[in-house]
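As provided, protein_26.cif (mmCIF, C-alpha atoms) reads as follows.
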data_run
#
loop_
_atom_site.label_atom_id
_atom_site.label_comp_id
_atom_site.auth_asym_id
_atom_site.auth_seq_id
_atom_site.Cartn_x
_atom_site.Cartn_y
_atom_site.Cartn_z
CA MET V 1 -42.02 14.67 -24.37
CA ARG V 2 -39.22 12.86 -22.53
CA LYS V 3 -39.92 9.72 -24.51
CA ILE V 4 -39.59 11.61 -27.80
CA VAL V 5 -36.32 13.22 -26.69
CA GLY V 6 -35.05 9.83 -25.58
CA LEU V 7 -36.00 8.29 -28.92
CA ILE V 8 -34.17 11.02 -30.82
CA LEU V 9 -31.07 10.62 -28.65
CA TRP V 10 -31.22 6.86 -29.14
CA LEU V 11 -31.46 7.25 -32.91
CA VAL V 12 -28.50 9.65 -32.90
CA LEU V 13 -26.48 7.17 -30.87
CA VAL V 14 -27.39 4.28 -33.19
CA ALA V 15 -26.49 6.32 -36.27
CA PHE V 16 -23.18 7.28 -34.67
CA LEU V 17 -22.37 3.66 -33.84
CA VAL V 18 -23.31 2.42 -37.32
CA TRP V 19 -21.20 5.16 -38.87
CA GLY V 20 -18.31 4.14 -36.64
CA MET V 21 -18.76 0.46 -37.51
CA GLN V 22 -18.16 1.20 -41.18
CA LEU V 23 -14.84 2.85 -40.43
CA ILE V 24 -13.44 -0.25 -38.70
CA HIS V 25 -11.35 -2.61 -40.78
CA PRO V 26 -13.22 -5.72 -42.00
CA PHE V 27 -13.57 -8.60 -39.57
CA GLY V 28 -10.69 -11.06 -39.67
CA TYR V 29 -8.32 -8.71 -41.48
CA PRO V 30 -6.52 -6.67 -38.82
CA ASP V 31 -4.42 -3.68 -39.72
CA ALA V 32 -0.78 -4.39 -40.32
CA SER V 33 0.88 -3.40 -37.07
CA THR V 34 4.58 -2.92 -36.68
CA MET V 35 4.17 -2.66 -32.89
CA ASP V 36 3.19 -6.29 -32.21
CA ASP V 37 5.82 -7.57 -34.63
CA TYR V 38 8.40 -5.51 -32.78
CA MET V 39 7.33 -6.89 -29.41
CA ILE V 40 7.13 -10.51 -30.55
CA GLU V 41 10.61 -10.32 -32.05
CA LYS V 42 12.44 -8.17 -29.51
CA ALA V 43 10.65 -8.62 -26.17
CA GLN V 44 12.65 -11.65 -25.06
CA ALA V 45 15.99 -10.04 -25.89
CA GLU V 46 15.11 -6.65 -24.38
CA THR V 47 13.29 -7.63 -21.18
CA GLY V 48 14.58 -11.16 -20.71
CA SER V 49 11.06 -12.40 -20.01
CA ASN V 50 9.86 -15.55 -21.74
CA ASN V 51 6.24 -14.42 -21.35
CA VAL V 52 5.79 -11.59 -23.83
CA VAL V 53 2.45 -10.57 -22.31
CA THR V 54 4.06 -10.05 -18.92
CA SER V 55 6.89 -8.12 -20.52
CA VAL V 56 4.31 -5.80 -22.07
CA VAL V 57 2.34 -5.44 -18.84
CA PHE V 58 5.28 -4.84 -16.50
CA ASP V 59 7.86 -3.27 -18.80
CA TYR V 60 6.65 -1.63 -22.01
CA ARG V 61 3.37 -0.41 -20.48
CA GLY V 62 4.35 -0.24 -16.84
CA PHE V 63 2.40 2.99 -16.42
CA ASP V 64 -0.79 1.05 -17.06
CA THR V 65 0.05 -1.44 -14.31
CA LEU V 66 0.93 1.45 -12.00
CA GLY V 67 -2.54 2.86 -12.63
CA GLU V 68 -4.12 -0.53 -11.89
CA ALA V 69 -2.19 -0.76 -8.63
CA THR V 70 -3.28 2.77 -7.71
CA ILE V 71 -6.91 1.90 -8.41
CA LEU V 72 -6.66 -1.17 -6.17
CA PHE V 73 -4.97 0.84 -3.42
CA THR V 74 -7.66 3.54 -3.59
CA ALA V 75 -10.43 0.94 -3.53
CA VAL V 76 -9.01 -0.81 -0.46
CA THR V 77 -8.48 2.50 1.35
CA GLY V 78 -12.00 3.62 0.48
CA VAL V 79 -13.63 0.39 1.67
CA LEU V 80 -11.77 0.37 4.99
CA LEU V 81 -12.40 4.08 5.63
CA LEU V 82 -16.08 3.89 4.71
CA LEU V 83 -16.91 0.79 6.75
CA ARG V 84 -15.10 2.15 9.79
CA THR V 85 -16.87 5.51 9.59
CA LEU V 86 -20.28 3.87 9.26
CA ARG V 87 -19.51 1.71 12.25
CA ARG V 88 -18.48 4.70 14.34
CA LYS V 89 -21.63 6.64 13.43
CA LYS V 90 -23.77 3.69 14.46
CA GLU V 91 -22.03 3.60 17.82
CA SER V 92 -22.32 7.34 18.53
CA SER V 93 -26.00 7.65 17.55
CA MET K 1 -19.53 -22.25 11.17
CA LEU K 2 -20.34 -24.89 8.59
CA SER K 3 -20.30 -28.65 9.06
CA LYS K 4 -17.25 -30.69 9.91
CA ILE K 5 -16.94 -32.03 6.37
CA VAL K 6 -16.63 -28.53 4.92
CA ARG K 7 -14.13 -27.50 7.59
CA THR K 8 -11.97 -30.57 7.00
CA VAL K 9 -11.95 -30.06 3.24
CA THR K 10 -11.05 -26.41 3.78
CA ASN K 11 -8.17 -27.38 6.05
CA GLU K 12 -6.88 -29.82 3.45
CA PHE K 13 -7.21 -27.48 0.49
CA MET K 14 -5.99 -24.21 2.01
CA PRO K 15 -2.23 -24.98 1.67
CA VAL K 16 -2.76 -26.22 -1.87
CA ILE K 17 -4.53 -22.98 -2.84
CA ILE K 18 -1.82 -20.83 -1.27
CA VAL K 19 0.95 -22.80 -2.97
CA PHE K 20 -0.86 -22.56 -6.30
CA GLY K 21 -1.21 -18.78 -5.87
CA LEU K 22 2.49 -18.48 -5.04
CA TYR K 23 3.31 -20.60 -8.09
CA ILE K 24 1.29 -18.29 -10.35
CA ILE K 25 3.03 -15.25 -8.85
CA ALA K 26 6.52 -16.73 -9.06
CA HIS K 27 6.11 -17.95 -12.66
CA GLY K 28 4.51 -14.74 -13.91
CA HIS K 29 7.35 -14.13 -16.36
CA LEU K 30 7.25 -17.69 -17.73
CA THR K 31 3.63 -18.79 -17.96
CA PRO K 32 0.25 -17.01 -18.09
CA GLY K 33 -0.50 -15.30 -14.82
CA GLY K 34 1.32 -12.84 -12.64
CA GLY K 35 0.96 -10.79 -9.51
CA PHE K 36 -2.68 -9.79 -9.87
CA GLN K 37 -3.92 -13.26 -10.76
CA GLY K 38 -1.88 -15.10 -8.13
CA GLY K 39 -2.93 -12.64 -5.43
CA ALA K 40 -6.57 -13.16 -6.38
CA VAL K 41 -6.09 -16.95 -6.10
CA ILE K 42 -4.72 -16.55 -2.56
CA VAL K 43 -7.64 -14.28 -1.65
CA SER K 44 -10.06 -16.94 -2.92
CA GLY K 45 -8.55 -19.25 -0.28
CA VAL K 46 -9.21 -16.62 2.39
CA VAL K 47 -12.81 -16.32 1.18
CA MET K 48 -13.14 -20.10 1.53
CA LEU K 49 -11.87 -19.80 5.11
CA LEU K 50 -14.44 -17.09 5.81
CA VAL K 51 -17.24 -19.25 4.43
CA ALA K 52 -16.23 -22.45 6.19
CA PHE K 53 -15.29 -20.98 9.57
CA ASN K 54 -16.76 -18.10 11.49
CA HIS K 55 -15.35 -14.66 10.83
CA GLN K 56 -14.41 -14.53 14.51
CA GLU K 57 -12.01 -17.42 13.92
CA VAL K 58 -10.45 -15.69 10.91
CA LYS K 59 -10.32 -12.38 12.78
CA LYS K 60 -8.03 -13.92 15.38
CA VAL K 61 -5.40 -14.68 12.73
CA LEU K 62 -5.57 -11.68 10.39
CA ARG K 63 -5.01 -8.18 11.72
CA GLU K 64 -5.88 -5.11 9.69
CA ARG K 65 -2.68 -3.35 10.70
CA LEU K 66 -0.55 -6.19 9.31
CA LEU K 67 -2.55 -6.34 6.07
CA SER K 68 -2.22 -2.57 5.59
CA ILE K 69 1.52 -2.74 6.16
CA MET K 70 1.83 -5.61 3.67
CA GLU K 71 -0.16 -3.77 1.03
CA SER K 72 1.81 -0.55 1.42
CA THR K 73 5.08 -2.50 1.31
CA GLY K 74 4.07 -4.12 -1.97
CA ALA K 75 3.12 -0.78 -3.50
CA LEU K 76 6.37 0.84 -2.32
CA ILE K 77 8.51 -1.99 -3.72
CA PHE K 78 6.68 -1.75 -7.04
CA ILE K 79 7.13 2.03 -7.35
CA GLY K 80 10.71 1.76 -6.07
CA LEU K 81 11.57 -0.78 -8.78
CA ALA K 82 9.94 1.50 -11.34
CA PHE K 83 12.00 4.45 -10.09
CA ALA K 84 15.20 2.36 -9.98
CA GLY K 85 15.51 2.54 -13.74
CA ILE K 86 14.87 6.28 -13.97
CA GLY K 87 18.44 6.85 -15.16
CA THR K 88 17.22 5.70 -18.59
CA ALA K 89 13.45 5.93 -18.30
CA PHE K 90 10.67 5.36 -15.80
CA PHE K 91 10.01 1.57 -15.71
CA HIS K 92 13.33 0.84 -17.42
CA ASN K 93 14.27 -2.80 -16.85
CA LEU K 94 17.76 -2.31 -15.41
CA LEU K 95 18.32 -5.87 -14.16
CA VAL K 96 18.49 -7.49 -17.61
CA GLY K 97 21.98 -8.89 -18.04
CA SER K 98 22.84 -8.49 -14.36
CA PRO K 99 23.47 -11.44 -12.02
CA ILE K 100 20.02 -11.03 -10.42
CA PHE K 101 17.27 -12.47 -12.63
CA GLY K 102 19.36 -11.33 -15.56
CA ARG K 103 19.72 -14.27 -17.92
CA ILE K 104 18.48 -13.39 -21.41
CA PRO K 105 16.62 -16.26 -23.12
CA ALA K 106 16.88 -17.03 -26.81
CA THR K 107 14.12 -15.57 -28.94
CA GLY K 108 11.39 -18.09 -29.62
CA PRO K 109 9.69 -20.71 -27.51
CA ASN K 110 11.90 -22.27 -24.86
CA PRO K 111 11.06 -24.16 -21.67
CA GLY K 112 10.93 -22.36 -18.36
CA ASP K 113 14.12 -20.72 -17.19
CA ILE K 114 13.12 -19.00 -13.96
CA TRP K 115 16.25 -16.87 -13.61
CA THR K 116 15.17 -14.43 -16.35
CA GLY K 117 13.11 -11.30 -16.64
CA GLY K 118 15.07 -8.59 -14.83
CA VAL K 119 12.80 -6.61 -12.53
CA ILE K 120 9.63 -8.32 -13.83
CA PRO K 121 9.61 -11.24 -11.31
CA LEU K 122 10.37 -8.83 -8.45
CA MET K 123 7.51 -6.58 -9.58
CA ASN K 124 5.28 -9.66 -9.77
CA PHE K 125 6.12 -10.50 -6.17
CA ALA K 126 5.42 -6.92 -5.05
CA VAL K 127 2.09 -6.77 -6.88
CA GLY K 128 1.13 -10.22 -5.60
CA LEU K 129 1.80 -9.18 -2.00
CA LYS K 130 -0.18 -6.00 -2.56
CA VAL K 131 -3.19 -7.66 -4.19
CA ALA K 132 -3.36 -10.52 -1.69
CA ALA K 133 -3.15 -8.24 1.36
CA GLY K 134 -5.45 -5.54 -0.03
CA LEU K 135 -8.23 -7.84 -1.19
CA THR K 136 -8.00 -9.86 2.04
CA ALA K 137 -8.51 -6.64 4.00
CA VAL K 138 -11.51 -5.74 1.84
CA VAL K 139 -13.11 -9.19 2.13
CA LEU K 140 -12.50 -9.33 5.89
CA ALA K 141 -13.86 -5.80 6.43
CA LEU K 142 -17.00 -6.60 4.43
CA ALA K 143 -17.58 -9.88 6.29
CA LEU K 144 -17.12 -8.23 9.69
CA PHE K 145 -19.24 -5.22 8.75
CA SER K 146 -22.14 -7.36 7.54
CA SER K 147 -22.10 -9.12 10.90
CA GLY K 148 -21.91 -5.79 12.75
CA GLU K 149 -18.44 -6.13 14.20
CA GLU K 150 -15.40 -3.91 14.14
CA ILE K 151 -12.32 -5.04 12.23
CA GLU K 152 -9.46 -5.76 14.62
CA GLU K 153 -6.66 -3.20 14.57
#

Just dump the structure as structure tokens.
Amino acid sequence: MRKIVGLILWLVLVAFLVWGMQLIHPFGYPDASTMDDYMIEKAQAETGSNNVVTSVVFDYRGFDTLGEATILFTAVTGVLLLLRTLRRKKESS
Amino acid sequence: MLSKIVRTVTNEFMPVIIVFGLYIIAHGHLTPGGGFQGGAVIVSGVVMLLVAFNHQEVKKVLRERLLSIMESTGALIFIGLAFAGIGTAFFHNLLVGSPIFGRIPATGPNPGDIWTGGVIPLMNFAVGLKVAAGLTAVVLALALFSSGEEIEE
């Protein structure tokens, strides 16, 4: 029974992915994007950074970098808290 | 502790790795790289120290308190620089055109002019400090925990 349900779910997923594949633009012909043209032309004048990628990461999409930094901070805090708590439990028991 | 050959090579290479990491952090607004990548390079040097020497030797040098303070300082500088431009928008680059890192390069490819980028180099330094200190704390805590020792306060 579980195998049949799994097979049906798998088929639904495959059909969904194939349907989604056909909606993507053809390979090698990306959509015309005004956003990257804007950044390539204006990034150096607006942010003063010669590296356009860094100007995107730290200026235009700074919120994304803030999220990355928060993730790293949470991970470090979690690791230190967890290892210390485990150590303390081992000592008390 | 590994053999003398490994320890000698580690001693010779450690400054080179740290300088390379600092170079990647400092030139984040000119060449590929930045705070995250340069911090990870520095942490790879710390991992090499942990492999070559005993963790007891490394524990004498690196304190968890100091690493925590460094990481929090980096995060605070980063958020402070983001809030500094809140007169216009969050993450507004207010140092462009100012005397500090304010030179505006010509559009198009030009060779490295390090005095550019506004707040971006400062943010790179903050993020580099944060990543290096945070990942060093994680690596050190894992190494000490796997050997059954407490991390030094």

### Task
Extract, using all atoms listed in the file, all DNA, RNA and protein residues at most 10 Å from segment 58-71 of chain K, discarding same-chain residues fewer than 5 positions from it, and format them as JSON, numbers by chain.
{"V": [73, 76, 77, 80], "K": [46, 49, 50, 53, 76, 126, 127, 128, 129, 130, 131, 132, 133, 134, 135, 136, 137, 138, 140, 141, 144, 150, 151, 152, 153]}

Near chain V, 7 Å: chain K residue rows, closest pairs, all atoms listed in the file, as CSV:
residue,atom,partner,partner_atom,distance
K:Gly28,CA,V:Thr54,CA,6.9
K:His29,CA,V:Asn51,CA,5.1
K:Leu30,CA,V:Asn51,CA,5.0
K:Thr31,CA,V:Asn51,CA,6.1
K:Phe91,CA,V:Gly62,CA,6.0
K:His92,CA,V:Asp59,CA,7.0
K:Asn93,CA,V:Thr47,CA,6.6
K:Val96,CA,V:Gly48,CA,6.2
K:Arg103,CA,V:Gly48,CA,6.6
K:Ile104,CA,V:Gly48,CA,4.5
K:Pro105,CA,V:Gly48,CA,6.0
K:Thr107,CA,V:Gln44,CA,5.7
K:Thr116,CA,V:Gly48,CA,5.5
K:Gly117,CA,V:Ser49,CA,4.1
K:Gly118,CA,V:Gly48,CA,6.4
K:Ile120,CA,V:Phe58,CA,6.2
K:Gly134,CA,V:Val76,CA,5.9
K:Val138,CA,V:Val76,CA,6.0
K:Ala141,CA,V:Leu80,CA,6.7
K:Phe145,CA,V:Leu83,CA,6.7

### Task
Carefully work through the PyMOL selection byres ((chain K and resi 44) around 10) for this structure and note down the residues it includes, as a VMD selection string.
chain K and resid 14 17 to 18 21 38 to 43 45 to 50 132 135 to 136 139

### Message
Please expand the PyMOL selection byres ((chain K and resi 25) around 6) into the concrete residues it hits in this file, giving the result as JSON, numbers by chain.
### Response
{"K": [22, 23, 24, 26, 27, 28, 34, 35, 38]}

### Message
For a test of reading the model, state the distance in Å between atom CA of Glu57 of chain K and atom CA of Phe20 of chain K, rounded to one decimal.
### Response
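So the answer is 23.7 Å.
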
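What separates atom CA of Ile86 of chain K from atom CA of Ser98 of chain K is a distance of 16.8 Å.
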
### Query
Any idea what the distance is between atom CA of Asn11 of chain K and atom CA of Asn54 of chain K?
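Separation of atom CA of Asn11 of chain K and atom CA of Asn54 of chain K: 13.8 Å.
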
### Query
Near Trp115 of chain K, counting only C-alpha atoms, which residues have an atom at most 8 Å away, once you skip same-chain residues fewer than 3 positions from it, shown as a PyMOL selection string?
chain K and resi 100-103
